[in-house]
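Asks: Please find one structure pasted underneath; my questions will follow.
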Amino acid sequence: MAPDSQSIDGLIQQITTSNNLEALAHTLRTPGASGRDVREFILASSLSSGQDPLSVLDIRNNTLGVMYILSARLHMYFNAQSGVQRPLWATVVQFCDNFDPEQARLAPERMIMLAKSLTRYASDQGNLKLAIPLLYSLATRLPITPSTLTPIHPILLLTALQIRHITPEICILLVEHPIDDLFMFTSVYSEDNLSYNDNLFYHYLGGIILTRMGNYAAALDYFETALTAPSTHNSPPAGLQLEALKKLRLVQCIALGGPQALPKYTSPVLMRIFKASPYQNLINAFPGSPHPKDRGEGSPSGNNRLRLLVNKDRELYLSECNLGLVDLLVAEAPKWIIKRLTETYVTLGLAEIGRYIGIDDEQQVRALVLNMIESRTILATISDSGIVTFHDAPGTVDISVEDIRPLLGALPSGIGLQKVSVPILLEAIQRQSAHLAQLDMDTGRSKDFISKAIKTSGSSGMGGPGPGFGVGGTFPDEDEYPTPGMYAIDREDTMMFG
């Protein structure tokens, strides 16, 4: 007689004896006539002998059954169902560390159900940090690759941010495993499926975490991904995308010295809303903004205007959790002004630099310049008399832009002398050499060129009629080819142009 699937004893018998995991997954997933709530209660109950069913199952070999029982117990327990015994925390930890990913992929909705209960269980334990390594294990081991997005990913990042506990593993996941695939599956319960908001939420939170860690380059990629994520069914952009745009612009100013061009497919609706916000005025007043009238660069009022704008809308920035970034932006503004001064001046006095950045105290200016020198933001020396001498970076040359414009392509007009690193210049020359070599090969294969070459060689007496180069117009024997010498280029010599 077939085991009874409407009792926990029957289900345990099927879990321990079944040789067909897909059939077992179907049995555990199908509630039958009793309905979903009754099936969950059965899964969360004890054996008829009073024994805990988890004690008779092996986590690795019976991952599918353990996953169903654990998720059902935690779900029923936190929904105030009397008579349900909460599993031991040690059992949950052992499962998250040792489950079989292939079995877990047969019922991913149960893994997501378990992940949602982990944070509540850890909170009941009095330490939400306990949930982070478990969520990390589920998020990285359930999919085939750690670069696959699951509904567990945003839960992991949100939990880490809520308790301000960013582990090195999370940073490595964000930097070394950017999302390139989606973990899609069919579930009878739509709330478990991966949604459009999961993608937005994960990349937005990832950008915040990377910004806090100081990895601005990766943070910008995450914010941009959230900003440009295509909406579904021609729906308007999400509010989270506007928040991503605000943080993207602030981080661009802090890390790159000013706002950068956005992808062409950025929503124009978001751009209009942003331009009407105080953030636009703040960005325009930053030293690296393309709006010199707004930023007031070169005058002491420039940096002061930036501070006035911040103070004017400080409550707004605080309510939107952007005040920390805004304050950092104000702190970085003088550094970008000084960095741009190095492109124009060779020497400047501390008082003159202070006039540019709006700081009257020379000792404060000296401390700022020394900090930039120590962090290698600029190369400079300060004399005892307070004169700052700016130096070029090693391996750079002064060269006229007009001389290298054909190599580097279109450049802004009005630039006279530009510092260009030698490796970059050599790379540009090598690219042009390779391009010329390719043109030469294409020309040599041209039928018109060959026909003209034959006619020319025939009429000039350079070997008589025929296309060859040997005596009488014939092709030379192999021994007649010249050996590599002073006029030959070996394969190794040409590799530098490839």
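All residue names refer to the structure tokens as shown: chains lettered A, B, ... in order, residues numbered from 1 in each chain, ligands numbered from 1 in order.
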Which polymer residues have any atom within 12 Å of an atom of Leu174 in chain A, counting only C-alpha atoms, with same-chain residues fewer than 5 positions away left out, as a PyMOL selection string?
Replies: chain A and resi 136+140+146-149+153-154+156-157+166-169+179-180+202-211+213+215+217-219+221-222
Asks: Would you output that residue set with C-alpha atoms, as a PDB file, in the first residue's frame?
Replies:
ATOM      1  CA  TYR A 136      24.458  34.614   2.440  1.00  0.00           C
ATOM      2  CA  THR A 140      24.996  32.012  -3.069  1.00  0.00           C
ATOM      3  CA  PRO A 146      26.674  33.433  -7.332  1.00  0.00           C
ATOM      4  CA  SER A 147      26.019  35.995 -10.091  1.00  0.00           C
ATOM      5  CA  THR A 148      22.411  34.827 -10.398  1.00  0.00           C
ATOM      6  CA  LEU A 149      19.824  37.038  -8.696  1.00  0.00           C
ATOM      7  CA  HIS A 153      19.575  38.626  -2.353  1.00  0.00           C
ATOM      8  CA  PRO A 154      17.625  41.779  -1.418  1.00  0.00           C
ATOM      9  CA  LEU A 156      20.390  39.705   2.669  1.00  0.00           C
ATOM     10  CA  LEU A 157      21.383  43.290   1.798  1.00  0.00           C
ATOM     11  CA  ILE A 166      28.457  44.702   6.284  1.00  0.00           C
ATOM     12  CA  THR A 167      30.579  41.565   6.146  1.00  0.00           C
ATOM     13  CA  PRO A 168      33.565  41.123   3.802  1.00  0.00           C
ATOM     14  CA  GLU A 169      31.677  38.295   2.098  1.00  0.00           C
ATOM     15  CA  ILE A 179      24.334  40.064 -11.504  1.00  0.00           C
ATOM     16  CA  ASP A 180      24.281  38.563 -14.992  1.00  0.00           C
ATOM     17  CA  TYR A 202      19.127  44.645  -4.792  1.00  0.00           C
ATOM     18  CA  HIS A 203      21.068  47.054  -7.002  1.00  0.00           C
ATOM     19  CA  TYR A 204      19.930  50.119  -5.058  1.00  0.00           C
ATOM     20  CA  LEU A 205      20.933  48.584  -1.720  1.00  0.00           C
ATOM     21  CA  GLY A 206      24.143  47.271  -3.257  1.00  0.00           C
ATOM     22  CA  GLY A 207      25.026  50.800  -4.354  1.00  0.00           C
ATOM     23  CA  ILE A 208      24.454  52.095  -0.818  1.00  0.00           C
ATOM     24  CA  ILE A 209      26.647  49.386   0.723  1.00  0.00           C
ATOM     25  CA  LEU A 210      29.476  49.945  -1.744  1.00  0.00           C
ATOM     26  CA  THR A 211      29.289  53.701  -1.156  1.00  0.00           C
ATOM     27  CA  MET A 213      32.642  50.935   1.912  1.00  0.00           C
ATOM     28  CA  ASN A 215      34.130  51.560  -3.455  1.00  0.00           C
ATOM     29  CA  ALA A 217      33.343  52.870  -8.943  1.00  0.00           C
ATOM     30  CA  ALA A 218      31.312  49.745  -8.206  1.00  0.00           C
ATOM     31  CA  ALA A 219      28.643  51.790  -6.391  1.00  0.00           C
ATOM     32  CA  ASP A 221      27.546  50.762 -11.573  1.00  0.00           C
ATOM     33  CA  TYR A 222      24.913  49.509  -9.135  1.00  0.00           C
TER      34      TYR A 222
END
Asks: Show me, as a ChimeraX atom specification, the residues that have an atom within 7 Å of Asp9 in chain A when counting only C-alpha atoms, minus same-chain residues fewer than 2 positions from it.
Replies: /A:7,11-13,47-48
Asks: Kindly save the residues from that selection, with N, CA, C and O atoms included, as a PDB file, in the first residue's frame.
Replies:
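Here's the written file again-v3.pdb:
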ATOM      1  N   SER A   7      -0.394  12.494   6.253  1.00  0.00           N
ATOM      2  CA  SER A   7       0.097  12.441   7.626  1.00  0.00           C
ATOM      3  C   SER A   7       1.609  12.627   7.605  1.00  0.00           C
ATOM      4  O   SER A   7       2.273  12.311   6.608  1.00  0.00           O
ATOM      5  N   LEU A  11       4.525  11.033   5.064  1.00  0.00           N
ATOM      6  CA  LEU A  11       5.431  11.895   4.316  1.00  0.00           C
ATOM      7  C   LEU A  11       6.886  11.558   4.617  1.00  0.00           C
ATOM      8  O   LEU A  11       7.731  11.538   3.718  1.00  0.00           O
ATOM      9  N   ILE A  12       7.192  11.284   5.886  1.00  0.00           N
ATOM     10  CA  ILE A  12       8.563  10.931   6.263  1.00  0.00           C
ATOM     11  C   ILE A  12       8.970   9.624   5.594  1.00  0.00           C
ATOM     12  O   ILE A  12      10.108   9.480   5.127  1.00  0.00           O
ATOM     13  N   GLN A  13       8.027   8.676   5.493  1.00  0.00           N
ATOM     14  CA  GLN A  13       8.334   7.407   4.835  1.00  0.00           C
ATOM     15  C   GLN A  13       8.661   7.633   3.358  1.00  0.00           C
ATOM     16  O   GLN A  13       9.614   7.057   2.822  1.00  0.00           O
ATOM     17  N   LEU A  47       5.955  13.360  14.774  1.00  0.00           N
ATOM     18  CA  LEU A  47       5.542  12.011  14.408  1.00  0.00           C
ATOM     19  C   LEU A  47       4.542  11.477  15.424  1.00  0.00           C
ATOM     20  O   LEU A  47       4.418  11.996  16.544  1.00  0.00           O
ATOM     21  N   SER A  48       3.809  10.441  15.033  1.00  0.00           N
ATOM     22  CA  SER A  48       2.792   9.875  15.925  1.00  0.00           C
ATOM     23  C   SER A  48       3.417   9.346  17.213  1.00  0.00           C
ATOM     24  O   SER A  48       2.753   9.278  18.253  1.00  0.00           O
TER      25      SER A  48
END
Asks: So, counting only C-alpha atoms, which residue among A:Ala25, A:Leu54, A:Val92, A:Leu368 is closest to Arg105 in chain A?
Replies: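 The answer is A:Ala25, which sits nearest to Arg105 in chain A.
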Asks: Please return as JSON, numbers by chain: the residues of range 115-289 of chain A that backbone DSSP assigns to strand (DSSP E).
Replies: {"A": [148, 149, 181, 182]}
Asks: Which one of A:Ser137, A:Thr30, A:Thr443, A:Asn193 sits closest to Tyr68 in chain A if you count only C-alpha atoms?
Replies: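 Residue with the minimum atom-to-atom distance to Tyr68 in chain A: A:Thr30.
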Asks: Using the chain letters and numbers from this document, which residues of range 78-147 of chain A does DSSP assign to alpha helix (DSSP H), as a ChimeraX atom specification?
Replies: /A:78,89-98,101-104,108-124,131-141
Asks: Measure the distance from CA of Ser123 in chain A to CA of Gln162 in chain A in Å and round it to one decimal.
Replies: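 Separation of CA of Ser123 in chain A and CA of Gln162 in chain A: 12.0 Å.
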Asks: Which neighbours of Gln103 in chain A fall inside 9 Å, counting only C-alpha atoms, when residues of the same chain fewer than 6 positions from it are skipped, and could you give them as a list in words?
Replies: Leu21, Glu22, Ala25, Asn61, Asn62, Thr63 and Leu64 of chain A
Asks: Which residue gives the smallest distance to Leu379 in chain A among A:Ala229, A:Val310, A:Leu106, A:Ala393, with only C-alpha atoms counted?
Replies: A:Ala393
